[in-house]
file coords_31.cif (mmCIF, C-alpha atoms)
data_query
loop_
_atom_site.label_atom_id
_atom_site.label_comp_id
_atom_site.auth_asym_id
_atom_site.auth_seq_id
_atom_site.Cartn_x
_atom_site.Cartn_y
_atom_site.Cartn_z
CA MET A 19 186.35 -137.21 -69.16
CA GLY A 20 185.95 -138.62 -65.68
CA HIS A 21 189.38 -137.27 -64.76
CA GLY A 22 188.33 -133.66 -65.46
CA LEU A 23 185.21 -134.14 -63.36
CA SER A 24 187.22 -135.34 -60.37
CA GLN A 25 189.51 -132.32 -60.67
CA THR A 26 186.48 -130.04 -60.60
CA ARG A 27 185.10 -131.80 -57.50
CA GLY A 28 188.50 -131.62 -55.79
CA ASP A 29 188.76 -127.95 -56.71
CA SER A 30 185.33 -127.14 -55.25
CA LEU A 31 186.07 -129.11 -52.07
CA ASP A 32 189.32 -127.17 -51.66
CA VAL A 33 187.45 -123.87 -52.25
CA LEU A 34 184.96 -124.83 -49.52
CA ASP A 35 187.87 -125.73 -47.25
CA ALA A 36 189.59 -122.40 -48.01
CA ALA A 37 186.41 -120.51 -47.05
CA ARG A 38 186.00 -122.38 -43.76
CA PRO A 39 186.42 -120.13 -40.71
CA GLY A 40 189.12 -120.75 -38.13
CA LEU A 41 191.83 -122.28 -40.32
CA ASP A 42 195.29 -122.28 -38.77
CA ARG A 43 198.20 -120.54 -40.50
CA THR A 44 199.76 -123.76 -41.73
CA HIS A 45 196.57 -124.82 -43.45
CA LEU A 46 196.15 -121.33 -44.95
CA ALA A 47 199.71 -121.50 -46.28
CA LEU A 48 199.11 -124.91 -47.86
CA LEU A 49 195.87 -123.77 -49.51
CA ALA A 50 197.58 -120.58 -50.76
CA GLN A 51 199.93 -122.85 -52.72
CA SER A 52 197.10 -124.75 -54.41
CA ARG A 53 197.34 -125.29 -58.14
CA HIS A 54 193.69 -124.24 -58.38
CA ARG A 55 193.27 -120.52 -58.92
CA ALA A 56 189.86 -120.44 -57.22
CA VAL A 57 191.37 -121.81 -54.01
CA ARG A 58 194.14 -119.18 -53.96
CA GLU A 59 191.56 -116.50 -54.75
CA THR A 60 189.39 -117.62 -51.83
CA ILE A 61 192.37 -117.48 -49.48
CA ALA A 62 193.24 -113.98 -50.77
CA ARG A 63 189.77 -112.73 -49.79
CA ARG A 64 189.97 -113.94 -46.18
CA ASP A 65 190.16 -111.45 -43.31
CA ASP A 66 192.69 -113.56 -41.42
CA VAL A 67 195.36 -114.04 -44.08
CA PRO A 68 198.84 -113.49 -42.61
CA VAL A 69 200.96 -110.77 -44.22
CA GLY A 70 203.45 -113.27 -45.66
CA ILE A 71 200.72 -115.13 -47.51
CA GLN A 72 199.26 -111.83 -48.73
CA ALA A 73 202.67 -110.91 -50.13
CA VAL A 74 202.96 -114.23 -51.97
CA LEU A 75 199.42 -114.02 -53.37
CA ALA A 76 200.04 -110.41 -54.50
CA GLN A 77 202.64 -111.87 -56.89
CA ASP A 78 200.41 -114.69 -58.18
CA ASP A 79 200.34 -115.34 -61.92
CA ALA A 80 196.53 -115.32 -61.93
CA THR A 81 195.08 -111.83 -62.22
CA GLU A 82 191.97 -112.89 -60.27
CA VAL A 83 194.09 -113.75 -57.23
CA ARG A 84 195.86 -110.38 -57.30
CA ILE A 85 192.47 -108.66 -57.69
CA ALA A 86 191.21 -110.49 -54.59
CA VAL A 87 194.24 -109.38 -52.55
CA ALA A 88 193.81 -105.80 -53.80
CA ALA A 89 190.12 -105.80 -52.80
CA ASN A 90 190.73 -107.24 -49.33
CA PRO A 91 190.33 -104.45 -46.74
CA ARG A 92 192.69 -106.32 -44.38
CA THR A 93 195.62 -106.25 -46.80
CA ALA A 94 198.85 -104.79 -45.40
CA SER A 95 200.09 -101.37 -46.55
CA SER A 96 203.30 -102.88 -47.89
CA VAL A 97 201.27 -105.31 -50.02
CA PHE A 98 199.13 -102.39 -51.24
CA ASP A 99 202.35 -100.62 -52.27
CA HIS A 100 203.46 -103.66 -54.26
CA LEU A 101 200.06 -104.05 -55.92
CA SER A 102 200.05 -100.38 -56.93
CA THR A 103 202.83 -101.25 -59.39
CA ASP A 104 200.85 -104.08 -61.03
CA ARG A 105 200.62 -103.87 -64.83
CA ASN A 106 197.04 -105.10 -64.99
CA PRO A 107 194.53 -102.23 -64.82
CA SER A 108 191.90 -104.52 -63.27
CA VAL A 109 194.17 -105.05 -60.26
CA LEU A 110 194.71 -101.30 -59.95
CA ILE A 111 190.99 -100.56 -60.20
CA SER A 112 190.26 -103.13 -57.51
CA LEU A 113 192.96 -101.55 -55.37
CA LEU A 114 191.55 -98.05 -55.83
CA THR A 115 188.05 -99.15 -54.81
CA ASN A 116 189.36 -100.66 -51.56
CA PRO A 117 188.36 -98.32 -48.71
CA SER A 118 191.45 -99.32 -46.69
CA LEU A 119 193.96 -98.18 -49.30
CA PRO A 120 196.29 -95.52 -47.82
CA CYS A 121 196.78 -92.18 -49.59
CA ALA A 122 200.33 -92.76 -50.88
CA PRO A 123 199.47 -95.42 -53.51
CA VAL A 124 196.39 -93.41 -54.53
CA GLU A 125 198.58 -90.36 -55.13
CA ARG A 126 201.04 -92.38 -57.22
CA LEU A 127 198.22 -93.82 -59.31
CA GLY A 128 196.90 -90.30 -59.91
CA SER A 129 199.54 -89.97 -62.62
CA HIS A 130 199.08 -93.44 -64.13
CA ARG A 131 199.28 -93.72 -67.92
CA ARG A 132 195.88 -95.42 -68.22
CA ALA A 133 193.06 -92.89 -68.19
CA LYS A 134 190.60 -95.09 -66.27
CA VAL A 135 193.09 -95.76 -63.45
CA ARG A 136 194.15 -92.13 -63.35
CA ALA A 137 190.52 -90.90 -63.25
CA LEU A 138 189.59 -93.27 -60.43
CA ALA A 139 192.66 -92.25 -58.42
CA LEU A 140 191.94 -88.56 -58.92
CA ALA A 141 188.28 -89.08 -57.97
CA ARG A 142 189.40 -90.82 -54.82
CA LEU A 143 191.84 -88.02 -54.03
CA ASN A 144 188.97 -85.56 -54.49
CA ASP A 145 187.01 -87.45 -51.82
CA ALA A 146 184.71 -89.34 -54.17
CA PHE A 147 186.12 -92.41 -52.39
CA PRO A 148 187.27 -91.12 -49.01
CA VAL A 149 190.34 -92.76 -47.53
CA ARG A 150 189.68 -94.33 -44.15
CA LEU A 151 192.11 -92.76 -41.73
CA GLY A 152 191.24 -95.08 -38.86
CA ASP A 153 193.24 -98.02 -40.18
CA GLU A 154 196.30 -95.90 -40.94
CA ALA A 155 196.21 -94.37 -37.47
CA ARG A 156 196.01 -97.78 -35.78
CA GLY A 157 199.01 -99.09 -37.65
CA GLU A 158 199.84 -102.42 -39.25
CA ASP A 159 199.89 -104.43 -36.02
CA ALA A 160 196.27 -103.55 -35.28
CA LYS A 161 195.18 -105.27 -38.50
CA PHE A 162 197.22 -108.43 -38.13
CA PRO A 163 196.88 -110.68 -35.09
CA GLU A 164 200.17 -112.46 -35.77
CA LEU A 165 202.03 -109.19 -35.09
CA ARG A 166 200.15 -108.63 -31.82
CA GLU A 167 200.88 -112.19 -30.69
CA ARG A 168 204.63 -111.58 -30.97
CA ALA A 169 204.63 -108.22 -29.20
CA VAL A 170 206.24 -108.10 -25.79
CA ILE A 171 206.32 -105.13 -23.47
CA VAL A 172 209.81 -104.75 -22.07
CA GLY A 173 210.40 -102.83 -18.86
CA PRO A 174 213.24 -100.31 -18.57
CA PHE A 175 215.53 -102.75 -16.74
CA SER A 176 214.67 -106.10 -18.26
CA MET A 177 214.93 -107.76 -21.61
CA SER A 178 212.67 -110.56 -22.71
CA ALA A 179 212.56 -112.66 -25.82
CA VAL A 180 209.62 -114.14 -27.62
CA SER A 181 209.94 -117.77 -28.55
#
call {"tool": "encode", "arguments": {"input": "coords_31.cif", "output": "structure tokens"}}
result
Amino acid sequence: MGHGLSQTRGDSLDVLDAARPGLDRTHLALLAQSRHRAVRETIARRDDVPVGIQAVLAQDDATEVRIAVAANPRTASSVFDHLSTDRNPSVLISLLTNPSLPCAPVERLGSHRRAKVRALALARLNDAFPVRLGDEARGEDAKFPELRERAVIVGPFSMSAVS
């Protein structure tokens, strides 16, 4: 019985670590691979999760992790597109209640076979849940600092590479 208790303590310490602000990308990536669902779920909720980790967590076996990615307003549009094909209606409902979800997945879900998903999508399309246009207009790179860090302005007569 002591073994189960130590796993619970280790799990909760990892969850606290995953919620700590200012983690570097390597640490986020390691925590996103945790065997503990609660740790992966905590990482999926973070505002600073890189797109690659979001994409991996959007394919997680645990429904709760996919729900957390779907609910995260900082999730990338491409990850939203992937999640809109999820078979679990709880993931789709979480996705549809995310104010950052672009119109395209909402429109696709408007013809979903499950009545609850379809009704929520249609309500959102009818402005019950207005789509925020600000994030779409700013583009993906505005939401993700790792894309801005790699951007380089190149003059008309020079080429530069990012290392």
call {"tool": "atom_distance", "arguments": {"input": "coords_31.cif", "atom1": "CA of Arg53 (chain A)", "atom2": "CA of Thr115 (chain A)"}}
result
27.9 Å
call {"tool": "resolve_selection", "arguments": {"input": "coords_31.cif", "expression": "the PyMOL selection byres ((chain A and resi 60-70) around 6)", "output": "MDAnalysis selection string"}}
result
chainID A and resid 36 57:59 71:73 86:87 90 92
call {"tool": "resolve_selection", "arguments": {"input": "coords_31.cif", "expression": "the PyMOL selection byres ((chain A and resi 107) around 10)", "output": "MDAnalysis selection string"}}
result
chainID A and resid 81 85 102:106 108:113 130 132 134:135
call {"tool": "atom_distance", "arguments": {"input": "coords_31.cif", "atom1": "CA of Arg38 (chain A)", "atom2": "CA of Asp99 (chain A)"}}
result
28.5 Å
call {"tool": "atom_distance", "arguments": {"input": "coords_31.cif", "atom1": "CA of Leu119 (chain A)", "atom2": "CA of His54 (chain A)"}}
result
27.6 Å
call {"tool": "decode", "arguments": {"input": "coords_31.cif", "residues": "region 21-155 of chain A", "atoms": "C-alpha atoms", "output": "compact mmCIF listing (two decimals), in the first residue's frame"}}
result
# COMPACT_ATOMS: atom_id res chain seq x y z
CA HIS A 21 3.89 2.06 -3.03
CA GLY A 22 0.54 3.50 -4.21
CA LEU A 23 0.89 6.37 -1.75
CA SER A 24 4.32 7.30 -3.10
CA GLN A 25 2.97 7.28 -6.64
CA THR A 26 0.21 9.68 -5.58
CA ARG A 27 2.75 12.00 -3.91
CA GLY A 28 5.00 11.88 -6.97
CA ASP A 29 2.01 12.57 -9.20
CA SER A 30 0.95 15.61 -7.15
CA LEU A 31 4.52 16.96 -7.06
CA ASP A 32 4.71 16.61 -10.85
CA VAL A 33 1.33 18.38 -11.21
CA LEU A 34 2.64 21.26 -9.07
CA ASP A 35 5.79 21.33 -11.20
CA ALA A 36 3.71 21.35 -14.40
CA ALA A 37 1.71 24.34 -13.12
CA ARG A 38 4.82 26.34 -12.19
CA PRO A 39 5.25 29.48 -14.29
CA GLY A 40 8.30 30.02 -16.46
CA LEU A 41 9.14 26.43 -17.40
CA ASP A 42 11.44 26.08 -20.39
CA ARG A 43 10.36 24.12 -23.46
CA THR A 44 12.48 21.09 -22.64
CA HIS A 45 10.91 20.75 -19.22
CA LEU A 46 7.41 21.22 -20.71
CA ALA A 47 8.16 18.49 -23.25
CA LEU A 48 9.34 16.09 -20.54
CA LEU A 49 6.27 16.74 -18.38
CA ALA A 50 3.99 16.32 -21.42
CA GLN A 51 5.32 12.75 -21.68
CA SER A 52 4.49 11.92 -18.06
CA ARG A 53 2.73 8.66 -17.38
CA HIS A 54 0.40 10.56 -15.05
CA ARG A 55 -2.68 11.89 -16.82
CA ALA A 56 -3.07 14.81 -14.40
CA VAL A 57 0.42 16.08 -15.28
CA ARG A 58 -0.28 15.96 -19.03
CA GLU A 59 -3.64 17.63 -18.44
CA THR A 60 -1.98 20.44 -16.48
CA ILE A 61 0.52 21.00 -19.28
CA ALA A 62 -2.33 21.05 -21.84
CA ARG A 63 -3.99 23.92 -19.95
CA ARG A 64 -0.91 26.16 -19.94
CA ASP A 65 -0.84 29.37 -21.98
CA ASP A 66 2.77 28.83 -23.03
CA VAL A 67 2.57 25.31 -24.48
CA PRO A 68 4.46 25.12 -27.80
CA VAL A 69 2.46 24.03 -30.85
CA GLY A 70 4.31 20.72 -31.15
CA ILE A 71 3.41 19.73 -27.61
CA GLN A 72 -0.19 20.81 -28.19
CA ALA A 73 -0.31 18.55 -31.24
CA VAL A 74 1.00 15.58 -29.25
CA LEU A 75 -1.40 16.18 -26.35
CA ALA A 76 -4.33 16.52 -28.79
CA GLN A 77 -3.71 12.84 -29.66
CA ASP A 78 -3.43 11.66 -26.04
CA ASP A 79 -5.25 8.48 -25.04
CA ALA A 80 -6.78 10.22 -22.01
CA THR A 81 -9.96 12.11 -22.86
CA GLU A 82 -9.29 14.61 -20.05
CA VAL A 83 -6.03 15.68 -21.69
CA ARG A 84 -7.70 16.22 -25.07
CA ILE A 85 -10.48 18.18 -23.32
CA ALA A 86 -7.85 20.42 -21.70
CA VAL A 87 -6.19 21.11 -25.07
CA ALA A 88 -9.59 21.83 -26.64
CA ALA A 89 -10.46 24.29 -23.85
CA ASN A 90 -7.14 26.14 -24.01
CA PRO A 91 -7.68 29.53 -25.71
CA ARG A 92 -4.03 29.53 -26.84
CA THR A 93 -4.36 26.32 -28.86
CA ALA A 94 -3.25 26.57 -32.49
CA SER A 95 -5.81 26.53 -35.32
CA SER A 96 -4.28 23.38 -36.79
CA VAL A 97 -4.69 21.61 -33.43
CA PHE A 98 -8.30 22.85 -33.25
CA ASP A 99 -8.86 21.32 -36.70
CA HIS A 100 -7.50 17.97 -35.51
CA LEU A 101 -9.58 18.05 -32.33
CA SER A 102 -12.74 18.80 -34.32
CA THR A 103 -12.51 15.23 -35.66
CA ASP A 104 -12.31 13.66 -32.18
CA ARG A 105 -14.83 10.87 -31.56
CA ASN A 106 -15.51 11.85 -27.96
CA PRO A 107 -18.39 14.33 -27.67
CA SER A 108 -16.92 15.79 -24.46
CA VAL A 109 -13.85 16.91 -26.41
CA LEU A 110 -16.05 18.47 -29.09
CA ILE A 111 -18.20 20.27 -26.52
CA SER A 112 -15.08 21.65 -24.83
CA LEU A 113 -13.82 22.76 -28.22
CA LEU A 114 -17.09 24.50 -29.08
CA THR A 115 -17.11 26.44 -25.81
CA ASN A 116 -13.59 27.76 -26.45
CA PRO A 117 -13.90 31.44 -27.44
CA SER A 118 -10.76 31.20 -29.61
CA LEU A 119 -12.12 28.48 -31.90
CA PRO A 120 -12.15 29.70 -35.53
CA CYS A 121 -15.33 29.49 -37.62
CA ALA A 122 -14.29 26.61 -39.92
CA PRO A 123 -14.36 23.83 -37.28
CA VAL A 124 -17.60 25.26 -35.85
CA GLU A 125 -19.20 25.07 -39.30
CA ARG A 126 -18.07 21.47 -39.77
CA LEU A 127 -19.45 20.51 -36.36
CA GLY A 128 -22.78 22.10 -37.29
CA SER A 129 -23.58 18.92 -39.18
CA HIS A 130 -22.26 16.49 -36.55
CA ARG A 131 -24.26 13.29 -35.98
CA ARG A 132 -24.62 13.89 -32.24
CA ALA A 133 -27.48 16.26 -31.48
CA LYS A 134 -25.78 17.97 -28.51
CA VAL A 135 -22.63 18.77 -30.52
CA ARG A 136 -24.67 19.89 -33.51
CA ALA A 137 -26.91 22.13 -31.35
CA LEU A 138 -23.94 23.78 -29.64
CA ALA A 139 -22.22 24.39 -32.98
CA LEU A 140 -25.37 25.87 -34.50
CA ALA A 141 -25.90 28.06 -31.42
CA ARG A 142 -22.35 29.30 -31.76
CA LEU A 143 -22.84 29.99 -35.47
CA ASN A 144 -25.97 31.95 -34.56
CA ASP A 145 -23.85 34.16 -32.28
CA ALA A 146 -24.86 32.57 -28.99
CA PHE A 147 -21.10 32.04 -28.58
CA PRO A 148 -19.51 34.71 -30.76
CA VAL A 149 -16.26 33.79 -32.45
CA ARG A 150 -13.41 36.10 -31.52
CA LEU A 151 -12.07 37.55 -34.73
CA GLY A 152 -9.09 39.23 -33.10
CA ASP A 153 -7.05 36.05 -32.77
CA GLU A 154 -7.75 34.95 -36.33
CA ALA A 155 -6.77 38.36 -37.68
